[in-house]
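*Asks:* This is the content of target_14.cif (mmCIF, C-alpha atoms):
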```
data_upload
loop_
_atom_site.label_atom_id
_atom_site.label_comp_id
_atom_site.auth_asym_id
_atom_site.auth_seq_id
_atom_site.Cartn_x
_atom_site.Cartn_y
_atom_site.Cartn_z
CA MET Z 227 6.36 -20.13 54.21
CA ARG Z 228 5.17 -18.77 50.88
CA LYS Z 229 6.94 -20.00 47.80
CA ASN Z 230 8.48 -17.45 45.52
CA TYR Z 231 7.20 -18.49 42.12
CA GLU Z 232 8.58 -15.39 40.43
CA ASN Z 233 12.16 -16.25 41.30
CA PRO Z 234 12.31 -19.98 41.90
CA ARG Z 235 15.35 -21.42 43.67
CA PRO Z 236 17.94 -22.28 41.03
CA ARG Z 237 18.56 -26.00 40.71
CA ALA Z 238 21.72 -27.94 40.03
CA THR Z 239 22.26 -29.36 36.60
CA PRO Z 240 21.18 -32.99 36.07
CA LYS Z 241 24.80 -33.96 35.56
CA GLY Z 242 25.81 -32.37 38.87
CA ARG Z 243 22.93 -33.98 40.73
CA SER Z 244 23.87 -37.34 39.33
CA ALA Z 245 27.49 -36.93 40.43
CA VAL Z 246 26.46 -35.94 43.94
CA LEU Z 247 24.11 -38.92 44.22
CA GLN Z 248 26.86 -41.20 42.96
CA ALA Z 249 29.27 -39.83 45.57
CA LYS Z 250 26.66 -40.20 48.32
CA LEU Z 251 26.06 -43.77 47.31
CA ALA Z 252 29.77 -44.63 47.30
CA LEU Z 253 30.34 -43.04 50.71
CA LEU Z 254 27.30 -44.73 52.24
CA VAL Z 255 28.42 -48.12 50.98
CA MET Z 256 31.87 -47.61 52.51
CA ILE Z 257 30.37 -46.47 55.83
CA ASN Z 258 28.07 -49.49 55.89
CA LEU Z 259 31.04 -51.79 55.33
CA ALA Z 260 32.95 -50.09 58.14
CA GLN Z 261 29.96 -50.47 60.44
CA LEU Z 262 29.66 -54.15 59.58
CA TRP Z 263 33.30 -54.59 60.57
CA ILE Z 264 32.69 -52.64 63.81
CA LEU Z 265 29.69 -54.82 64.62
CA SER Z 266 31.69 -58.02 64.16
CA ALA Z 267 34.52 -56.58 66.29
CA THR Z 268 31.97 -55.65 68.98
CA VAL Z 269 30.55 -59.17 69.06
CA GLU Z 270 34.04 -60.64 69.16
CA ALA Z 271 35.13 -58.31 72.01
CA ALA Z 272 31.98 -59.11 73.98
CA LEU Z 273 32.46 -62.87 73.61
CA ALA Z 274 36.12 -62.57 74.58
CA LYS Z 275 35.07 -60.44 77.58
CA HIS Z 276 37.30 -57.55 76.47
CA TYR Z 277 34.96 -54.96 77.91
CA GLY Z 278 37.44 -52.08 77.52
CA LYS Z 279 37.16 -52.29 73.75
CA LEU Z 280 33.37 -52.07 73.66
CA THR Z 281 32.89 -48.37 74.38
CA PRO Z 282 35.26 -47.13 71.63
CA LEU Z 283 33.61 -49.50 69.17
CA ILE Z 284 30.11 -48.28 70.03
CA ILE Z 285 31.29 -44.67 69.70
CA ALA Z 286 32.91 -45.45 66.34
CA SER Z 287 29.66 -46.98 65.10
CA GLY Z 288 27.77 -43.93 66.32
CA VAL Z 289 30.13 -41.58 64.47
CA CYS Z 290 29.64 -43.62 61.29
CA TRP Z 291 25.88 -43.41 61.75
CA LEU Z 292 26.02 -39.64 62.24
CA ILE Z 293 28.09 -39.26 59.07
CA SER Z 294 25.68 -41.38 57.04
CA ILE Z 295 22.66 -39.46 58.35
CA THR Z 296 24.43 -36.19 57.55
CA ILE Z 297 25.14 -37.39 54.02
CA VAL Z 298 21.55 -38.41 53.39
CA LEU Z 299 19.81 -35.45 54.99
CA TRP Z 300 22.07 -32.48 54.40
CA TRP Z 301 24.33 -33.29 51.48
CA LYS Z 302 22.72 -31.48 48.57
CA PRO Z 303 24.06 -30.62 45.14
CA THR Z 304 25.59 -27.15 44.91
CA ILE Z 305 23.34 -24.57 43.33
CA SER Z 306 24.29 -23.78 39.79
CA LYS Z 307 23.82 -20.37 38.22
CA ARG Z 308 20.34 -19.85 36.93
CA GLN Z 309 20.18 -19.47 33.21
CA THR Z 310 17.54 -17.14 31.83
CA ILE Z 311 16.23 -16.99 28.37
CA GLY Z 312 14.97 -13.81 26.76
CA LYS Z 313 15.83 -11.41 29.58
CA MET E 69 -25.72 -58.33 36.58
CA SER E 70 -25.17 -61.49 38.54
CA SER E 71 -22.46 -61.75 41.14
CA LYS E 72 -20.48 -64.12 38.86
CA ASP E 73 -20.50 -61.61 36.01
CA LEU E 74 -19.55 -58.84 38.39
CA GLY E 75 -16.60 -60.91 39.66
CA GLU E 76 -15.41 -61.57 36.12
CA ALA E 77 -15.68 -57.88 35.27
CA ILE E 78 -13.60 -56.94 38.31
CA ASP E 79 -10.99 -59.57 37.44
CA LYS E 80 -10.79 -58.23 33.91
CA VAL E 81 -10.27 -54.67 35.11
CA LEU E 82 -7.60 -55.76 37.57
CA SER E 83 -5.72 -58.01 35.18
CA ASP E 84 -6.05 -56.00 31.98
CA GLU E 85 -4.16 -52.70 32.01
CA SER E 86 -5.39 -51.58 28.60
CA ASP E 87 -8.25 -49.66 30.23
CA VAL E 88 -5.88 -47.95 32.61
CA ARG E 89 -3.47 -46.94 29.88
CA GLU E 90 -6.33 -45.68 27.76
CA ALA E 91 -7.71 -43.62 30.61
CA THR E 92 -4.33 -42.09 31.38
CA SER E 93 -3.18 -41.63 27.78
CA THR E 94 -3.07 -37.85 28.13
CA HIS E 95 -0.51 -38.17 30.91
CA GLN E 96 1.69 -40.75 29.21
CA ASN E 97 3.96 -38.08 27.75
CA ASP E 98 4.51 -36.44 31.11
CA PHE E 99 4.97 -39.68 33.03
CA PRO E 100 6.36 -42.21 30.55
CA TYR E 101 6.85 -45.02 33.06
CA GLU E 102 5.74 -48.60 32.73
CA ARG E 103 4.72 -50.52 35.84
CA ASP E 104 7.84 -52.70 35.63
CA ALA E 105 10.04 -49.62 35.58
CA GLU E 106 8.34 -48.29 38.69
CA ALA E 107 9.51 -51.36 40.61
CA GLN E 108 13.17 -50.52 39.93
CA VAL E 109 15.16 -49.04 42.80
CA THR E 110 16.57 -45.59 42.18
CA ARG E 111 19.89 -44.38 43.53
CA ARG E 112 18.10 -42.07 45.92
CA GLU E 113 16.00 -44.93 47.31
CA PHE E 114 19.10 -47.07 47.64
CA CYS E 115 20.84 -44.24 49.55
CA ASN E 116 17.91 -44.12 51.96
CA PHE E 117 18.08 -47.88 52.36
CA LEU E 118 21.80 -47.62 53.18
CA ALA E 119 21.05 -44.95 55.79
CA ILE E 120 18.48 -47.24 57.41
CA THR E 121 21.02 -50.09 57.33
CA SER E 122 23.55 -47.80 58.99
CA THR E 123 21.03 -47.05 61.74
CA ALA E 124 20.32 -50.75 62.22
CA LEU E 125 24.05 -51.56 62.45
CA PHE E 126 24.57 -48.79 65.01
CA VAL E 127 21.64 -50.02 67.09
CA ALA E 128 22.95 -53.60 66.90
CA SER E 129 26.50 -52.60 67.95
CA GLY E 130 25.19 -50.35 70.72
CA GLY E 131 22.72 -52.91 72.00
CA PHE E 132 25.13 -55.82 71.96
CA GLY E 133 27.95 -53.81 73.55
CA THR E 134 25.73 -52.25 76.21
CA LYS E 135 24.29 -55.61 77.19
CA ALA E 136 27.78 -57.10 77.46
CA ILE E 137 28.94 -54.20 79.65
CA TYR E 138 25.82 -54.54 81.81
CA ASP E 139 26.31 -58.29 82.19
CA SER E 140 29.95 -57.79 83.18
CA GLN E 141 28.82 -56.12 86.42
CA PHE E 142 27.63 -59.46 87.74
CA ILE E 143 30.43 -61.74 88.87
CA GLU E 144 30.01 -65.25 87.55
CA THR E 145 30.43 -67.97 90.12
CA PHE E 146 31.77 -71.39 89.29
CA PRO E 147 31.06 -74.09 91.84
CA PRO E 148 33.95 -76.56 92.23
CA MET E 149 33.14 -79.87 90.59
CA SER E 150 34.94 -83.19 90.54
CA ILE E 151 35.69 -84.54 87.07
CA ASP E 152 34.75 -88.20 86.98
CA ASP E 153 37.38 -90.66 85.64
CA ALA E 154 40.03 -87.93 85.44
CA ALA E 155 42.29 -89.71 87.91
CA SER E 156 42.41 -92.79 85.71
CA LEU E 157 43.13 -90.81 82.56
CA LYS E 158 46.33 -92.03 80.91
CA PRO E 159 49.05 -89.52 79.86
CA GLY E 160 48.55 -88.32 76.28
CA GLU E 161 44.78 -88.89 76.34
CA SER E 162 41.65 -86.86 76.84
CA LEU E 163 38.08 -87.03 78.07
CA ASN E 164 35.02 -84.87 77.75
CA PHE E 165 33.04 -83.45 80.63
CA ARG E 166 30.57 -80.63 81.31
CA TYR E 167 31.36 -77.54 83.32
CA PRO E 168 29.97 -75.34 84.88
CA THR E 169 26.51 -76.39 83.62
CA GLU E 170 25.22 -79.38 81.71
CA ASN E 171 25.10 -77.23 78.56
CA ASP E 172 28.80 -76.29 78.68
CA THR E 173 30.87 -79.05 77.18
CA ALA E 174 34.57 -79.14 78.00
CA ILE E 175 37.63 -81.22 77.24
CA LEU E 176 40.24 -82.43 79.71
CA VAL E 177 43.62 -83.43 78.30
CA ARG E 178 46.58 -85.00 80.06
CA SER E 179 50.01 -84.33 78.65
CA LYS E 180 52.63 -87.06 78.33
CA GLN E 181 54.34 -85.48 81.33
CA GLY E 182 51.18 -86.11 83.37
CA GLU E 183 49.90 -82.51 83.64
CA TYR E 184 46.20 -81.77 83.28
CA PHE E 185 44.72 -79.03 81.11
CA ALA E 186 41.05 -78.29 80.49
CA TYR E 187 39.29 -76.06 77.98
CA GLY E 188 35.80 -75.24 76.81
CA GLN E 189 35.00 -77.50 73.89
CA LYS E 190 33.58 -74.78 71.67
CA CYS E 191 35.94 -73.50 68.97
CA THR E 192 36.29 -69.72 69.21
CA HIS E 193 35.72 -69.42 65.47
CA LEU E 194 32.21 -70.78 64.91
CA SER E 195 31.61 -72.87 68.04
CA CYS E 196 32.29 -76.29 66.50
CA PRO E 197 33.32 -78.90 69.10
CA VAL E 198 37.08 -79.33 69.25
CA TYR E 199 38.79 -82.69 69.85
CA PHE E 200 42.17 -83.88 71.08
CA ALA E 201 44.41 -85.17 68.30
CA LYS E 202 46.44 -87.84 70.11
CA ASP E 203 49.09 -88.31 67.43
CA LEU E 204 49.92 -84.62 67.18
CA GLN E 205 49.28 -83.84 70.87
CA ARG E 206 47.19 -80.80 70.13
CA ILE E 207 43.55 -79.79 70.12
CA GLU E 208 41.99 -79.47 66.69
CA CYS E 209 38.77 -78.16 65.21
CA PRO E 210 37.50 -80.30 62.31
CA CYS E 211 35.20 -77.65 60.82
CA HIS E 212 37.79 -75.21 59.45
CA GLU E 213 41.04 -77.03 60.21
CA ALA E 214 42.16 -75.03 63.20
CA GLY E 215 44.69 -76.14 65.78
CA PHE E 216 45.15 -75.12 69.43
CA ASP E 217 48.10 -75.63 71.74
CA MET E 218 47.37 -78.38 74.26
CA LYS E 219 49.10 -76.61 77.16
CA THR E 220 47.98 -73.01 76.67
CA GLY E 221 44.89 -73.19 74.43
CA ASP E 222 46.50 -70.66 72.07
CA VAL E 223 45.68 -70.76 68.38
CA LEU E 224 48.42 -72.55 66.40
CA TYR E 225 46.83 -72.15 62.99
CA GLY E 226 43.47 -71.62 61.34
CA PRO E 227 40.77 -68.97 61.52
CA PRO E 228 39.87 -68.75 65.26
CA PRO E 229 40.46 -65.20 66.52
CA ARG E 230 41.31 -66.09 70.14
CA PRO E 231 42.38 -68.98 72.35
CA LEU E 232 40.01 -71.57 73.80
CA ASP E 233 38.19 -70.77 77.03
CA LYS E 234 40.35 -72.05 79.86
CA ILE E 235 39.04 -74.10 82.79
CA ALA E 236 40.97 -73.80 86.03
CA LEU E 237 41.82 -77.16 87.60
CA GLU E 238 42.85 -78.33 91.02
CA VAL E 239 44.45 -81.72 91.58
CA LYS E 240 43.69 -83.09 95.03
CA GLU E 241 46.04 -85.22 97.09
CA ASN E 242 44.04 -88.34 96.40
CA GLY E 243 44.50 -87.77 92.65
CA GLU E 244 41.02 -86.40 91.97
CA VAL E 245 40.83 -83.57 89.47
CA TRP E 246 38.42 -80.73 90.19
CA ALA E 247 37.27 -77.96 87.91
CA VAL E 248 37.18 -74.73 89.93
CA GLY E 249 36.74 -71.88 87.42
CA ARG E 250 36.36 -70.90 83.82
CA GLU E 251 37.62 -67.87 81.94
CA ALA E 252 37.28 -66.63 78.37
CA GLY E 253 40.20 -67.03 75.98
CA GLY E 254 42.86 -64.33 76.30
CA GLU E 255 44.12 -61.71 73.87
CA GLU E 256 43.15 -61.77 70.24
CA ASN E 257 45.67 -62.97 67.71
CA ALA E 258 45.26 -59.95 65.48
#
```
Now, as a test, write the supplied structure out as structure tokens.

*Replies:*
Amino acid sequence: MRKNYENPRPRATPKGRSAVLQAKLALLVMINLAQLWILSATVEAALAKHYGKLTPLIIASGVCWLISITIVLWWKPTISKRQTIGK
Amino acid sequence: MSSKDLGEAIDKVLSDESDVREATSTHQNDFPYERDAEAQVTRREFCNFLAITSTALFVASGGFGTKAIYDSQFIETFPPMSIDDAASLKPGESLNFRYPTENDTAILVRSKQGEYFAYGQKCTHLSCPVYFAKDLQRIECPCHEAGFDMKTGDVLYGPPPRPLDKIALEVKENGEVWAVGREAGGEENA
């Protein structure tokens, strides 16, 4: 695809980008903590031979993983209005 | 130039960054980063690292859970085994034995009423060996001060999340005590 150098895609302000990155970071940390808890619960359920609990736990971990991948790959800062000078 | 001189020249170039900075001086304004600063982790890099960690945790949970479900399809068999010296065990005392394999340590306790109870000797917290506290008539774990009920194996206090693994016993007419099965500790406390 050819890039449009005449009208480049407007970018978010540095402050906005920073806020989005900060939010991504906070969410990812929380998801990682939740997944750690899920992993320990999975190990505990497996050792206690509570096999009925395993499937929901694996699904929960998978949902957490999907959310974290979504955050990293598709969470982008909103596009701010392009400011022009001299036109 | 001898090979020694050449080696020294190479070492100087590699160790001394003054040449590099001089050669790239025109770009220093555009890229004002020192080498030490380049080693710092940015938020974006840390986010990527967290995403990779999330993937690893998911794979670990999935793998561990799937293996446990797969293993559950095979029914474990426990061959009956006579516990030596159990018949001569006095009420209120205990002895250690191994069941179902030589690697599985277990503890047999006899209550003051003469009943027998047997459990796996591994604490359900961090697998420390538990022992029978005669004075208090309960099973205790010395590692993190946990206590288990002598008659049920339930957790009385301490960090273990579930009861001790129970070993099914059969007392024969001649007084011999046989171990005939083993099952994981029941419901979690939480």

*Asks:* Can you list, as a PyMOL selection string, the residues that the PyMOL selection byres ((chain E) within 8 of (chain Z)) selects here?

*Replies:* chain E and resi 111-112+114-116+118-119+121-123+125-126+128-130+132-133+136-137+140+230+252-254

*Asks:* Expand the PyMOL selection byres ((chain E and resi 242-245) around 12) into the explicit residue set it covers here, and present it as a short mmCIF file (atom, residue, chain, number, x, y, z; two decimals) with C-alpha atoms, in the coordinates of the input.

*Replies:*
```
data_model
loop_
_atom_site.label_atom_id
_atom_site.label_comp_id
_atom_site.auth_asym_id
_atom_site.auth_seq_id
_atom_site.Cartn_x
_atom_site.Cartn_y
_atom_site.Cartn_z
CA PRO E 148 33.95 -76.56 92.23
CA MET E 149 33.14 -79.87 90.59
CA SER E 150 34.94 -83.19 90.54
CA ILE E 151 35.69 -84.54 87.07
CA ASP E 152 34.75 -88.20 86.98
CA ASP E 153 37.38 -90.66 85.64
CA ALA E 154 40.03 -87.93 85.44
CA ALA E 155 42.29 -89.71 87.91
CA SER E 156 42.41 -92.79 85.71
CA LEU E 157 43.13 -90.81 82.56
CA PHE E 165 33.04 -83.45 80.63
CA LEU E 176 40.24 -82.43 79.71
CA VAL E 177 43.62 -83.43 78.30
CA ARG E 178 46.58 -85.00 80.06
CA GLY E 182 51.18 -86.11 83.37
CA GLU E 183 49.90 -82.51 83.64
CA TYR E 184 46.20 -81.77 83.28
CA PHE E 185 44.72 -79.03 81.11
CA ALA E 186 41.05 -78.29 80.49
CA ILE E 235 39.04 -74.10 82.79
CA ALA E 236 40.97 -73.80 86.03
CA LEU E 237 41.82 -77.16 87.60
CA GLU E 238 42.85 -78.33 91.02
CA VAL E 239 44.45 -81.72 91.58
CA LYS E 240 43.69 -83.09 95.03
CA GLU E 241 46.04 -85.22 97.09
CA TRP E 246 38.42 -80.73 90.19
CA ALA E 247 37.27 -77.96 87.91
CA VAL E 248 37.18 -74.73 89.93
#
```

*Asks:* Do you have the atom CA of Glu144 of chain E-atom CA of Pro227 of chain E distance handy?

*Replies:* 28.4 Å

*Asks:* Between atom CA of Tyr225 of chain E and atom CA of Gln189 of chain E, measure the distance and give it in Å to one decimal.

*Replies:*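 Interatomic distance, atom CA of Tyr225 of chain E to atom CA of Gln189 of chain E: 17.0 Å.
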
*Asks:* So that I can see what lies close to Leu204 of chain E, please list as a list of chain:residue names the residues with an atom at most 12 Å from it, counting all atoms listed in the file and leaving out residues fewer than 3 positions away in the same chain.

*Replies:*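 Near neighbours after the sequence-gap exclusion: E:Gly160, E:Glu161, E:Ser179, E:Lys180, E:Tyr199, E:Phe200, E:Ala201, E:Ile207, E:Glu208, E:Gly215, E:Phe216, E:Asp217, E:Met218.
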
*Asks:* In Å, rounded to a single decimal, give me how far atom CA of Gly221 of chain E is from atom CA of Thr145 of chain E.

*Replies:*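 Computing it gives 22.0 Å between the two atoms.
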